[in-house]
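Below is entry.txt, which holds compact mmCIF, C-alpha atoms (C1' of nucleotides).
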# COMPACT_ATOMS: atom_id res chain seq x y z
CA MET A 1 84.25 -20.89 9.43
CA ARG A 2 86.14 -23.90 8.23
CA ALA A 3 82.86 -25.56 7.36
CA ALA A 4 81.63 -22.44 5.61
CA THR A 5 84.83 -22.20 3.60
CA VAL A 6 84.50 -25.77 2.42
CA ALA A 7 80.81 -25.42 1.67
CA PHE A 8 81.24 -22.17 -0.26
CA ALA A 9 84.08 -23.64 -2.24
CA GLU A 10 82.26 -26.85 -3.06
CA ARG A 11 78.71 -25.75 -3.63
CA GLY A 12 79.19 -22.09 -4.28
CA VAL A 13 78.01 -19.21 -2.12
CA ALA A 14 74.54 -19.00 -3.62
CA GLY A 15 74.26 -22.77 -3.37
CA THR A 16 74.99 -22.83 0.33
CA SER A 17 72.11 -21.90 2.60
CA LEU A 18 72.67 -20.93 6.18
CA ASP A 19 70.20 -23.60 7.26
CA LEU A 20 72.14 -26.33 5.56
CA LEU A 21 75.45 -25.05 6.82
CA ALA A 22 74.09 -24.86 10.34
CA ALA A 23 72.70 -28.38 10.12
CA GLU A 24 76.11 -29.67 9.09
CA LEU A 25 77.59 -28.02 12.14
CA GLY A 26 74.86 -29.28 14.45
CA VAL A 27 73.77 -25.78 15.43
CA THR A 28 70.94 -23.53 14.35
CA LYS A 29 71.12 -20.93 11.64
CA GLN A 30 70.66 -18.20 14.22
CA THR A 31 73.89 -19.19 15.89
CA ILE A 32 75.72 -18.42 12.68
CA LEU A 33 73.85 -15.15 12.33
CA TYR A 34 74.71 -14.30 15.91
CA HIS A 35 78.42 -14.58 15.22
CA PHE A 36 78.56 -13.03 11.77
CA GLY A 37 75.53 -10.78 11.66
CA SER A 38 74.45 -11.78 8.21
CA LYS A 39 75.38 -14.07 5.39
CA GLY A 40 77.38 -11.21 3.98
CA GLY A 41 79.28 -10.99 7.23
CA LEU A 42 80.09 -14.67 7.03
CA ILE A 43 81.30 -14.30 3.46
CA GLU A 44 83.46 -11.37 4.48
CA ALA A 45 85.01 -13.29 7.37
CA VAL A 46 85.61 -16.38 5.25
CA LEU A 47 87.13 -14.27 2.52
CA ALA A 48 89.43 -12.39 4.85
CA ARG A 49 90.62 -15.57 6.48
CA ALA A 50 91.18 -17.37 3.20
CA ALA A 51 93.15 -14.48 1.73
CA GLU A 52 95.20 -14.25 4.88
CA ASP A 53 95.92 -17.98 4.90
CA LEU A 54 96.86 -17.99 1.25
CA ALA A 55 99.21 -15.08 1.70
CA ALA A 56 100.79 -16.73 4.71
CA GLU A 57 101.30 -20.05 2.93
CA LEU A 58 102.87 -18.46 -0.12
CA GLU A 59 104.92 -16.15 2.01
CA ALA A 60 106.26 -19.08 3.98
CA ALA A 61 107.12 -20.89 0.77
CA VAL A 62 109.52 -18.24 -0.50
CA VAL A 63 111.09 -17.15 2.75
CA GLY A 64 114.80 -17.73 2.56
CA VAL A 65 114.59 -18.91 -1.04
CA GLU A 66 116.81 -17.06 -3.47
CA PRO A 67 115.05 -14.92 -6.07
CA GLY A 68 114.64 -16.03 -9.64
CA TRP A 69 113.80 -19.54 -10.72
CA PRO A 70 114.09 -21.14 -7.27
CA SER A 71 111.39 -18.81 -5.99
CA VAL A 72 109.13 -19.64 -8.90
CA GLU A 73 109.64 -23.31 -8.18
CA ALA A 74 108.89 -22.78 -4.51
CA VAL A 75 105.67 -20.91 -5.23
CA VAL A 76 104.49 -23.52 -7.70
CA ARG A 77 105.30 -26.29 -5.28
CA ALA A 78 103.44 -24.52 -2.50
CA SER A 79 100.46 -23.83 -4.75
CA PHE A 80 100.00 -27.44 -5.70
CA GLY A 81 100.55 -28.42 -2.11
CA LEU A 82 97.65 -26.16 -1.22
CA ALA A 83 95.58 -27.54 -4.07
CA VAL A 84 95.89 -30.98 -2.51
CA ARG A 85 95.89 -30.12 1.17
CA ARG A 86 93.42 -27.28 1.25
CA PRO A 87 91.63 -27.04 -2.08
CA GLU A 88 88.83 -25.13 -0.42
CA LEU A 89 91.18 -22.25 0.19
CA LEU A 90 91.71 -21.57 -3.48
CA GLY A 91 88.16 -22.59 -4.29
CA VAL A 92 86.46 -20.20 -1.96
CA LEU A 93 88.52 -17.25 -3.16
CA ARG A 94 87.58 -18.00 -6.74
CA GLU A 95 83.96 -18.44 -5.75
CA ILE A 96 83.76 -15.16 -3.86
CA ALA A 97 85.64 -13.26 -6.53
CA ARG A 98 83.02 -14.44 -9.02
CA LEU A 99 80.22 -13.09 -6.86
CA GLY A 100 80.04 -9.63 -8.32
CA SER A 101 79.94 -6.35 -6.47
CA PRO A 102 80.98 -5.69 -3.87
CA TRP A 103 82.59 -9.03 -3.20
CA SER A 104 84.84 -9.18 -6.20
CA GLU A 105 86.28 -5.78 -5.34
CA SER A 106 86.75 -6.86 -1.77
CA ALA A 107 88.47 -10.08 -2.77
CA LEU A 108 90.70 -8.32 -5.26
CA ASP A 109 91.70 -5.73 -2.69
CA LEU A 110 92.87 -8.51 -0.45
CA LEU A 111 94.69 -10.39 -3.17
CA GLN A 112 96.18 -7.38 -4.91
CA PRO A 113 99.30 -7.33 -2.72
CA LEU A 114 100.00 -10.95 -3.61
CA ILE A 115 99.52 -10.25 -7.29
CA ASP A 116 101.65 -7.14 -7.16
CA ARG A 117 104.39 -8.96 -5.36
CA ALA A 118 104.46 -11.75 -7.89
CA ILE A 119 104.56 -9.32 -10.78
CA VAL A 120 107.32 -7.28 -9.21
CA ALA A 121 109.33 -10.43 -8.58
CA LEU A 122 108.94 -11.51 -12.18
CA GLU A 123 109.85 -8.05 -13.44
CA HIS A 124 112.97 -7.93 -11.33
CA GLY A 125 113.93 -11.35 -12.59
CA MET A 126 113.50 -10.16 -16.13
CA GLU A 127 115.54 -7.04 -15.57
CA ALA A 128 118.27 -9.04 -13.91
CA GLY A 129 118.41 -11.38 -16.86
CA LEU A 130 117.26 -14.33 -14.79
CA PHE A 131 114.10 -14.55 -16.86
CA GLN A 132 113.24 -14.03 -20.46
CA ALA A 133 111.66 -10.63 -21.08
CA GLY A 134 107.91 -10.64 -21.54
CA ASP A 135 104.67 -9.53 -19.97
CA PRO A 136 104.77 -10.90 -16.43
CA ARG A 137 101.01 -10.57 -16.16
CA LEU A 138 100.37 -13.03 -18.95
CA ILE A 139 102.63 -15.56 -17.33
CA LEU A 140 101.13 -15.04 -13.92
CA VAL A 141 97.57 -15.35 -15.17
CA SER A 142 98.38 -18.49 -17.08
CA ALA A 143 100.15 -20.12 -14.18
CA TYR A 144 97.44 -19.14 -11.75
CA ALA A 145 94.79 -20.46 -14.11
CA VAL A 146 96.44 -23.86 -14.19
CA VAL A 147 96.41 -24.21 -10.43
CA SER A 148 92.99 -22.69 -9.98
CA GLY A 149 91.54 -24.69 -12.83
CA VAL A 150 92.85 -27.92 -11.45
CA VAL A 151 91.17 -27.22 -8.13
CA ALA A 152 87.96 -25.93 -9.62
CA ASP A 153 87.51 -28.52 -12.32
CA SER A 154 88.45 -31.55 -10.31
CA GLU A 155 85.44 -33.15 -11.98
CA LEU A 156 87.33 -33.01 -15.22
CA LEU A 157 90.26 -34.78 -13.67
CA ARG A 158 87.96 -37.58 -12.66
CA ALA A 159 86.68 -37.77 -16.22
CA MET A 160 90.17 -38.68 -17.26
CA GLY A 161 90.58 -41.29 -14.61
CA MET A 162 92.70 -39.08 -12.39
CA ARG A 163 92.30 -37.83 -8.86
CA LEU A 164 93.59 -34.69 -7.23
CA ASP A 165 96.08 -36.58 -5.10
CA LEU A 166 99.76 -36.18 -4.42
CA ARG A 167 100.89 -38.10 -7.47
CA THR A 168 98.68 -36.21 -9.88
CA ALA A 169 99.65 -32.94 -8.29
CA ALA A 170 103.31 -33.82 -8.69
CA GLY A 171 102.74 -34.55 -12.37
CA LEU A 172 100.87 -31.31 -12.86
CA ARG A 173 103.57 -29.46 -11.00
CA ARG A 174 106.21 -30.83 -13.31
CA THR A 175 104.08 -29.92 -16.29
CA LEU A 176 103.51 -26.39 -15.07
CA LEU A 177 107.18 -25.95 -14.23
CA SER A 178 108.09 -27.13 -17.68
CA PHE A 179 105.57 -24.62 -19.02
CA LEU A 180 107.04 -21.83 -16.93
CA GLY A 181 110.55 -22.85 -17.72
CA ALA A 182 109.84 -22.38 -21.38
CA ALA A 183 108.26 -18.99 -20.89
CA LEU A 184 110.85 -17.70 -18.43
CA ALA A 185 114.17 -19.34 -19.29
CA PRO A 186 116.55 -16.72 -20.65
CA THR A 187 117.14 -17.28 -24.36
CA ARG A 188 120.61 -18.72 -24.54
CA SER A 189 120.62 -19.68 -28.21
CA MET B 1 68.36 -20.52 -24.09
CA ARG B 2 71.01 -18.05 -25.07
CA ALA B 3 70.01 -15.85 -22.16
CA ALA B 4 69.99 -18.82 -19.80
CA THR B 5 73.43 -19.86 -20.95
CA VAL B 6 74.83 -16.42 -20.29
CA ALA B 7 73.06 -16.12 -16.95
CA PHE B 8 74.16 -19.55 -15.75
CA ALA B 9 77.72 -18.87 -16.79
CA GLU B 10 77.86 -15.45 -15.16
CA ARG B 11 75.89 -15.89 -11.98
CA GLY B 12 75.96 -19.63 -11.59
CA VAL B 13 73.03 -22.00 -11.81
CA ALA B 14 72.00 -21.67 -8.17
CA GLY B 15 72.39 -17.91 -8.47
CA THR B 16 70.01 -17.66 -11.41
CA SER B 17 66.32 -17.79 -10.56
CA LEU B 18 63.72 -18.50 -13.19
CA ASP B 19 61.91 -15.31 -12.23
CA LEU B 20 64.96 -13.20 -12.86
CA LEU B 21 65.78 -14.98 -16.08
CA ALA B 22 62.21 -14.55 -17.28
CA ALA B 23 62.23 -10.88 -16.40
CA GLU B 24 65.37 -10.39 -18.46
CA LEU B 25 63.63 -11.98 -21.40
CA GLY B 26 60.44 -9.99 -20.89
CA VAL B 27 58.33 -13.09 -20.36
CA THR B 28 57.00 -14.85 -17.30
CA LYS B 29 58.61 -17.72 -15.48
CA GLN B 30 55.80 -20.00 -16.56
CA THR B 31 56.68 -19.52 -20.17
CA ILE B 32 60.12 -20.93 -19.45
CA LEU B 33 58.62 -23.80 -17.50
CA TYR B 34 56.24 -24.49 -20.36
CA HIS B 35 59.11 -24.99 -22.77
CA PHE B 36 61.52 -26.83 -20.54
CA GLY B 37 59.31 -28.49 -17.96
CA SER B 38 61.47 -27.60 -15.02
CA LYS B 39 64.65 -25.80 -14.13
CA GLY B 40 66.41 -29.12 -14.48
CA GLY B 41 65.07 -29.41 -18.00
CA LEU B 42 66.43 -25.99 -18.82
CA ILE B 43 69.83 -26.91 -17.43
CA GLU B 44 69.81 -30.09 -19.47
CA ALA B 45 68.94 -28.25 -22.66
CA VAL B 46 71.51 -25.55 -22.06
CA LEU B 47 74.15 -28.15 -21.28
CA ALA B 48 73.41 -30.21 -24.38
CA ARG B 49 73.51 -27.16 -26.60
CA ALA B 50 76.71 -25.83 -25.10
CA ALA B 51 78.49 -29.16 -25.41
CA GLU B 52 77.31 -29.48 -28.97
CA ASP B 53 78.44 -25.98 -29.86
CA LEU B 54 81.81 -26.48 -28.26
CA ALA B 55 82.36 -29.73 -30.08
CA ALA B 56 81.33 -28.15 -33.37
CA GLU B 57 83.64 -25.17 -32.93
CA LEU B 58 86.64 -27.28 -32.05
CA GLU B 59 85.82 -29.75 -34.77
CA ALA B 60 85.69 -26.96 -37.31
CA ALA B 61 89.03 -25.65 -36.09
CA VAL B 62 90.97 -28.81 -36.88
CA VAL B 63 89.23 -29.90 -40.05
CA GLY B 64 91.77 -30.04 -42.80
CA VAL B 65 94.63 -29.19 -40.48
CA GLU B 66 97.50 -31.62 -40.47
CA PRO B 67 97.99 -33.61 -37.28
CA GLY B 68 100.68 -32.79 -34.77
CA TRP B 69 101.67 -29.28 -33.79
CA PRO B 70 99.51 -27.45 -36.34
CA SER B 71 96.43 -29.11 -34.87
CA VAL B 72 97.43 -28.12 -31.36
CA GLU B 73 97.90 -24.58 -32.56
CA ALA B 74 94.53 -24.61 -34.26
CA VAL B 75 92.74 -25.88 -31.17
CA VAL B 76 94.42 -23.34 -28.93
CA ARG B 77 93.57 -20.57 -31.35
CA ALA B 78 89.96 -21.71 -31.52
CA SER B 79 89.73 -22.00 -27.74
CA PHE B 80 90.87 -18.47 -27.12
CA GLY B 81 88.65 -17.31 -29.91
CA LEU B 82 85.75 -18.86 -28.06
CA ALA B 83 86.95 -17.39 -24.79
CA VAL B 84 86.60 -13.94 -26.33
CA ARG B 85 83.61 -14.45 -28.61
CA ARG B 86 81.49 -16.75 -26.49
CA PRO B 87 82.90 -16.93 -22.97
CA GLU B 88 79.53 -18.12 -21.71
CA LEU B 89 79.96 -21.34 -23.63
CA LEU B 90 82.97 -22.44 -21.64
CA GLY B 91 81.61 -20.84 -18.49
CA VAL B 92 78.31 -22.65 -18.47
CA LEU B 93 79.93 -26.02 -19.01
CA ARG B 94 82.22 -25.44 -16.09
CA GLU B 95 79.33 -24.23 -13.98
CA ILE B 96 77.13 -27.21 -14.73
CA ALA B 97 79.96 -29.68 -14.29
CA ARG B 98 80.47 -28.27 -10.81
CA LEU B 99 76.83 -28.83 -9.92
CA GLY B 100 77.19 -32.32 -8.53
CA SER B 101 75.07 -35.34 -9.34
CA PRO B 102 73.59 -35.94 -11.74
CA TRP B 103 74.72 -32.93 -13.71
CA SER B 104 78.43 -33.48 -13.50
CA GLU B 105 78.01 -36.99 -14.86
CA SER B 106 75.78 -35.69 -17.59
CA ALA B 107 78.23 -32.98 -18.57
CA LEU B 108 81.16 -35.35 -18.53
CA ASP B 109 79.32 -37.85 -20.70
CA LEU B 110 78.85 -35.13 -23.27
CA LEU B 111 82.42 -33.90 -23.10
CA GLN B 112 84.08 -37.28 -22.86
CA PRO B 113 84.31 -37.72 -26.64
CA LEU B 114 86.12 -34.40 -26.94
CA ILE B 115 88.52 -35.34 -24.18
CA ASP B 116 89.14 -38.78 -25.61
CA ARG B 117 89.78 -37.36 -29.01
CA ALA B 118 92.29 -34.87 -27.72
CA ILE B 119 94.11 -37.52 -25.73
CA VAL B 120 94.20 -39.90 -28.67
CA ALA B 121 95.55 -37.15 -30.88
CA LEU B 122 98.28 -36.34 -28.39
CA GLU B 123 99.16 -40.01 -27.97
CA HIS B 124 99.42 -40.52 -31.70
CA GLY B 125 101.63 -37.48 -31.96
CA MET B 126 103.86 -38.87 -29.25
CA GLU B 127 104.09 -42.27 -30.89
CA ALA B 128 104.86 -40.68 -34.23
CA GLY B 129 107.66 -38.70 -32.68
CA LEU B 130 105.92 -35.41 -33.37
CA PHE B 131 105.62 -34.79 -29.66
CA GLN B 132 107.76 -35.45 -26.68
CA ALA B 133 106.62 -38.51 -24.74
CA GLY B 134 104.65 -37.84 -21.58
CA ASP B 135 101.24 -38.16 -19.99
CA PRO B 136 98.85 -36.51 -22.43
CA ARG B 137 96.27 -36.11 -19.69
CA LEU B 138 98.50 -33.83 -17.67
CA ILE B 139 99.13 -31.65 -20.66
CA LEU B 140 95.49 -31.56 -21.63
CA VAL B 141 94.33 -30.69 -18.13
CA SER B 142 96.88 -27.95 -17.83
CA ALA B 143 96.07 -26.44 -21.19
CA TYR B 144 92.35 -26.65 -20.56
CA ALA B 145 92.80 -25.07 -17.15
CA VAL B 146 94.52 -22.06 -18.68
CA VAL B 147 91.68 -21.37 -21.08
CA SER B 148 88.95 -22.17 -18.58
CA GLY B 149 90.64 -20.19 -15.85
CA VAL B 150 90.99 -17.16 -18.04
CA VAL B 151 87.29 -17.22 -18.78
CA ALA B 152 86.22 -18.01 -15.24
CA ASP B 153 88.51 -15.64 -13.44
CA SER B 154 88.16 -12.68 -15.72
CA GLU B 155 87.88 -10.70 -12.50
CA LEU B 156 91.49 -11.50 -11.89
CA LEU B 157 92.44 -10.15 -15.27
CA ARG B 158 90.78 -6.89 -14.39
CA ALA B 159 92.76 -6.81 -11.16
CA MET B 160 95.88 -6.65 -13.27
CA GLY B 161 94.58 -3.94 -15.49
CA MET B 162 93.76 -6.28 -18.33
CA ARG B 163 90.58 -7.12 -20.16
CA LEU B 164 89.52 -10.30 -21.90
CA ASP B 165 89.77 -8.73 -25.32
CA LEU B 166 91.40 -9.76 -28.54
CA ARG B 167 94.81 -8.36 -27.67
CA THR B 168 94.97 -10.00 -24.25
CA ALA B 169 93.70 -13.25 -25.71
CA ALA B 170 96.42 -13.13 -28.33
CA GLY B 171 99.03 -12.64 -25.64
CA LEU B 172 97.64 -15.49 -23.59
CA ARG B 173 97.51 -17.65 -26.68
CA ARG B 174 101.17 -17.01 -27.35
CA THR B 175 101.98 -17.79 -23.74
CA LEU B 176 100.02 -21.01 -23.76
CA LEU B 177 101.53 -22.06 -27.05
CA SER B 178 104.97 -21.40 -25.68
CA PHE B 179 103.97 -23.50 -22.67
CA LEU B 180 102.74 -26.31 -24.86
CA GLY B 181 105.69 -26.06 -27.16
CA ALA B 182 107.97 -26.74 -24.23
CA ALA B 183 105.97 -29.68 -23.03
CA LEU B 184 105.43 -31.20 -26.45
CA ALA B 185 108.42 -30.32 -28.61
CA PRO B 186 110.42 -33.44 -29.35
CA THR B 187 113.75 -33.37 -27.53
CA ARG B 188 116.26 -32.67 -30.24
CA SER B 189 119.30 -32.16 -28.04
C1' DA C 1 32.38 -22.18 -37.90
C1' DT C 2 34.61 -25.29 -34.87
C1' DG C 3 37.57 -28.14 -32.33
C1' DA C 4 42.32 -29.03 -31.36
C1' DC C 5 46.65 -27.35 -30.44
C1' DT C 6 50.13 -23.87 -28.98
C1' DG C 7 52.12 -20.34 -26.53
C1' DT C 8 51.56 -17.17 -23.04
C1' DC C 9 49.43 -15.26 -19.17
C1' DT C 10 47.30 -14.66 -14.17
C1' DA C 11 46.61 -16.75 -9.93
C1' DC C 12 48.09 -19.69 -6.59
C1' DC C 13 50.97 -22.88 -3.55
C1' DA C 14 54.48 -25.17 -0.56
C1' DT C 15 59.07 -24.72 0.60
C1' DT C 16 63.20 -22.40 1.36
C1' DT C 17 65.68 -18.28 2.09
C1' DG C 18 68.03 -14.64 4.94
C1' DG C 19 66.85 -12.17 8.88
C1' DT C 20 64.43 -10.35 13.51
C1' DA C 21 62.65 -10.74 18.29
C1' DA C 22 62.52 -12.59 22.45
C1' DG C 23 63.73 -15.80 25.48
C1' DT C 24 67.06 -19.23 28.41
C1' DG C 25 70.79 -21.01 30.83
C1' DA C 26 75.82 -20.61 31.99
C1' DC C 27 79.31 -17.93 33.69
C1' DC C 28 81.40 -14.07 36.14
C1' DA C 29 82.40 -9.64 38.54
C1' DC C 30 81.06 -7.42 42.57
C1' DG D 1 72.72 -13.04 45.33
C1' DT D 2 72.32 -9.96 41.61
C1' DG D 3 73.13 -7.75 37.27
C1' DG D 4 75.25 -8.29 32.98
C1' DT D 5 77.22 -10.41 29.21
C1' DC D 6 77.79 -14.43 26.23
C1' DA D 7 76.41 -18.25 23.36
C1' DC D 8 72.66 -20.23 21.79
C1' DT D 9 67.88 -21.41 21.40
C1' DT D 10 62.73 -21.30 19.79
C1' DA D 11 59.37 -18.79 17.41
C1' DC D 12 58.36 -16.04 13.85
C1' DC D 13 58.38 -13.30 9.32
C1' DA D 14 58.54 -11.35 4.54
C1' DA D 15 60.41 -12.30 0.35
C1' DA D 16 61.86 -15.37 -3.14
C1' DT D 17 62.01 -19.94 -5.11
C1' DG D 18 60.50 -23.82 -8.23
C1' DG D 19 56.30 -25.56 -9.66
C1' DT D 20 50.92 -26.41 -10.65
C1' DA D 21 46.26 -25.19 -12.46
C1' DG D 22 43.50 -22.94 -15.29
C1' DA D 23 42.12 -19.16 -18.29
C1' DC D 24 42.82 -16.65 -22.71
C1' DA D 25 44.02 -15.65 -27.34
C1' DG D 26 45.91 -16.97 -31.89
C1' DT D 27 46.46 -20.49 -35.66
C1' DC D 28 45.09 -24.04 -38.46
C1' DA D 29 43.03 -28.22 -40.43
C1' DT D 30 38.53 -29.91 -41.27

Mind turning the file's structure into structure tokens?
Amino acid sequence: MRAATVAFAERGVAGTSLDLLAAELGVTKQTILYHFGSKGGLIEAVLARAAEDLAAELEAAVVGVEPGWPSVEAVVRASFGLAVRRPELLGVLREIARLGSPWSESALDLLQPLIDRAIVALEHGMEAGLFQAGDPRLILVSAYAVVSGVVADSELLRAMGMRLDLRTAAGLRRTLLSFLGAALAPTRS
Amino acid sequence: MRAATVAFAERGVAGTSLDLLAAELGVTKQTILYHFGSKGGLIEAVLARAAEDLAAELEAAVVGVEPGWPSVEAVVRASFGLAVRRPELLGVLREIARLGSPWSESALDLLQPLIDRAIVALEHGMEAGLFQAGDPRLILVSAYAVVSGVVADSELLRAMGMRLDLRTAAGLRRTLLSFLGAALAPTRS
DNA sequence: ATGACTGTCTACCATTTGGTAAGTGACCAC
DNA sequence: GTGGTCACTTACCAAATGGTAGACAGTCAT
């Protein structure tokens, strides 16, 4: 499943044949089919695991962190950590969500709690005056897009003479936090 | 070619068979092969056209606009305009760039001038004191990722009860501009 | 009129794809 | 030891894939 996650994320689901995946693992395609029933079953399992892992990682990042800006910082830090450590996790979710029915629905069902939680947190922050008022969804989408885009378009990074390593990620994290700071900081003028 | 661009962007290159594409167009696969030689030829043609179109659109957006912040605003506006009007343009570039050798190289060669130009513009702005000093590549990547991510993960938008329409795009544009404003505005404190 | 060229078609082809059927050996309860 | 399950294999298969070969009709210069 780890191999499948990486392969799906890197080459896409349609671009990953069971034969190739099996060859990489040193087993036969039928072994994979035995465990997952069908390619769809494999996708489902990979999706469920990836969503679960993502939720767990983000959950762990905010546990014990006070609400408001510190939580935002923690989530951003954790996200870029994931982008470096386990880019396939974000990649495979994006890839499966792009797959069309019924996979996108399935993926969204699994991620909806995360999204909802983030939006609620932002809304509470806004109500409490910790954040500037605004549409939390726009901010969330934008922030997510930065992280996701960095993982997905790592080719582009290379085009600029950069790599998706710790230093780059730290720079991007600072940039995104500066972005978010501007959009969220309560207007004190 | 228009149909191929849309199909590649929506379903991915590997996920788009010549048979299916031909059926959509009401011709046979061999007609496509006659004009483009091979699937690779079609990809190449689609890629070249998309890169050209993108360059032309962005070029047109900044012509006559004064350098510095107004140019940034113009490019952002044009990008979101494209995201709404021709999402397949950005989508197909991303999709082909993710394809691995030799397509990624090919795509990057075509886009490199655009990237270089943006970086040079940002650097000049920084030197002239129009922008805050910083790594222009980080800012460019982040900004690009927002636009690209919004196009690519339009599923996610739907999950939040949004659509990639003019109103949403305007909201995202404001958010991104607020992001960029924070990262670029000269420190006047 | 005719020959060349162009665009499209039908008819194939080899390979790859996801998937089924039937076997084989290891382990394990009884 | 025997039956059963588990993990995995080999042997297939039908459909789909990218691609080739050749026929057929329209256009156009000579």

Between chain B and chain C, at 9 Å or less, what are the per-residue closest atom pairs and their distances in Å? Count only C-alpha atoms (C1' of nucleotides), order by chain and rising residue number, and return it as a tab-separated table.
residue	atom	partner	partner_atom	distance
B:Val27	CA	C:DT8	C1'	8.3
B:Thr28	CA	C:DC9	C1'	7.8
B:Gln30	CA	C:DT8	C1'	8.2
B:Thr31	CA	C:DT8	C1'	6.3
B:Tyr34	CA	C:DG7	C1'	8.5

Work out how far apart CA of Arg49 in chain A and CA of Ile96 in chain A are and give it in Å to one decimal.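 Between these atoms lies a distance of 12.4 Å.
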
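Proximity ranking of B:Gly40, B:Pro70, B:Gly129, B:Gly15 relative to chain A places B:Gly15 first, based on only C-alpha atoms.
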
Once you count all atoms listed in the file, what closest atom pair and distance in Å to one decimal does each residue of chain B within 6 Å of chain A have, with rows by chain and rising residue number, as CSV?
residue,atom,partner,partner_atom,distance
B:Ala14,CA,A:Gly15,CA,5.4
B:Gly15,CA,A:Ala14,CA,5.4
B:Leu138,CA,A:Leu172,CA,5.9
B:Ser142,CA,A:Val146,CA,5.5
B:Ala145,CA,A:Gly149,CA,4.5
B:Val146,CA,A:Ala145,CA,4.8
B:Gly149,CA,A:Ala145,CA,4.5
B:Leu172,CA,A:Leu138,CA,5.9
B:Phe179,CA,A:Phe179,CA,4.1
B:Ala182,CA,A:Ala182,CA,5.5

With a distance cut-off of 10 Å and all atoms listed in the file, select the neighbouring residues of Ala121 in chain A, excluding the residue or stretch itself and same-chain residues fewer than 2 positions from it, and output the selection as a ChimeraX atom specification. /A:67-68,71-72,115-119,123-127,136

As a PDB file with C-alpha atoms (C1' of nucleotides), in the frame of the given file, could you give me every residue of chain D near chain A (at most 8 Å apart, counting only C-alpha atoms (C1' of nucleotides))?
ATOM      1  C1'  DA D   7      76.410 -18.250  23.360  1.00  0.00           C
ATOM      2  C1'  DC D   8      72.660 -20.230  21.790  1.00  0.00           C
ATOM      3  C1'  DT D   9      67.880 -21.410  21.400  1.00  0.00           C
TER       4       DT D   9
END

CA of Arg167 in chain B to CA of Val75 in chain B measures 18.0 Å

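CA of Phe131 in chain A sits 5.0 Å away from CA of Pro186 in chain A.
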
Around all of range 117-129 of chain B's listed atoms, make the axis-aligned box with 3 Å on each side and tell me centre and edge lengths in Å to one decimal, as JSON.
{"center_x": 98.7, "center_y": -38.6, "center_z": -30.0, "size_x": 23.9, "size_y": 13.4, "size_z": 14.5}
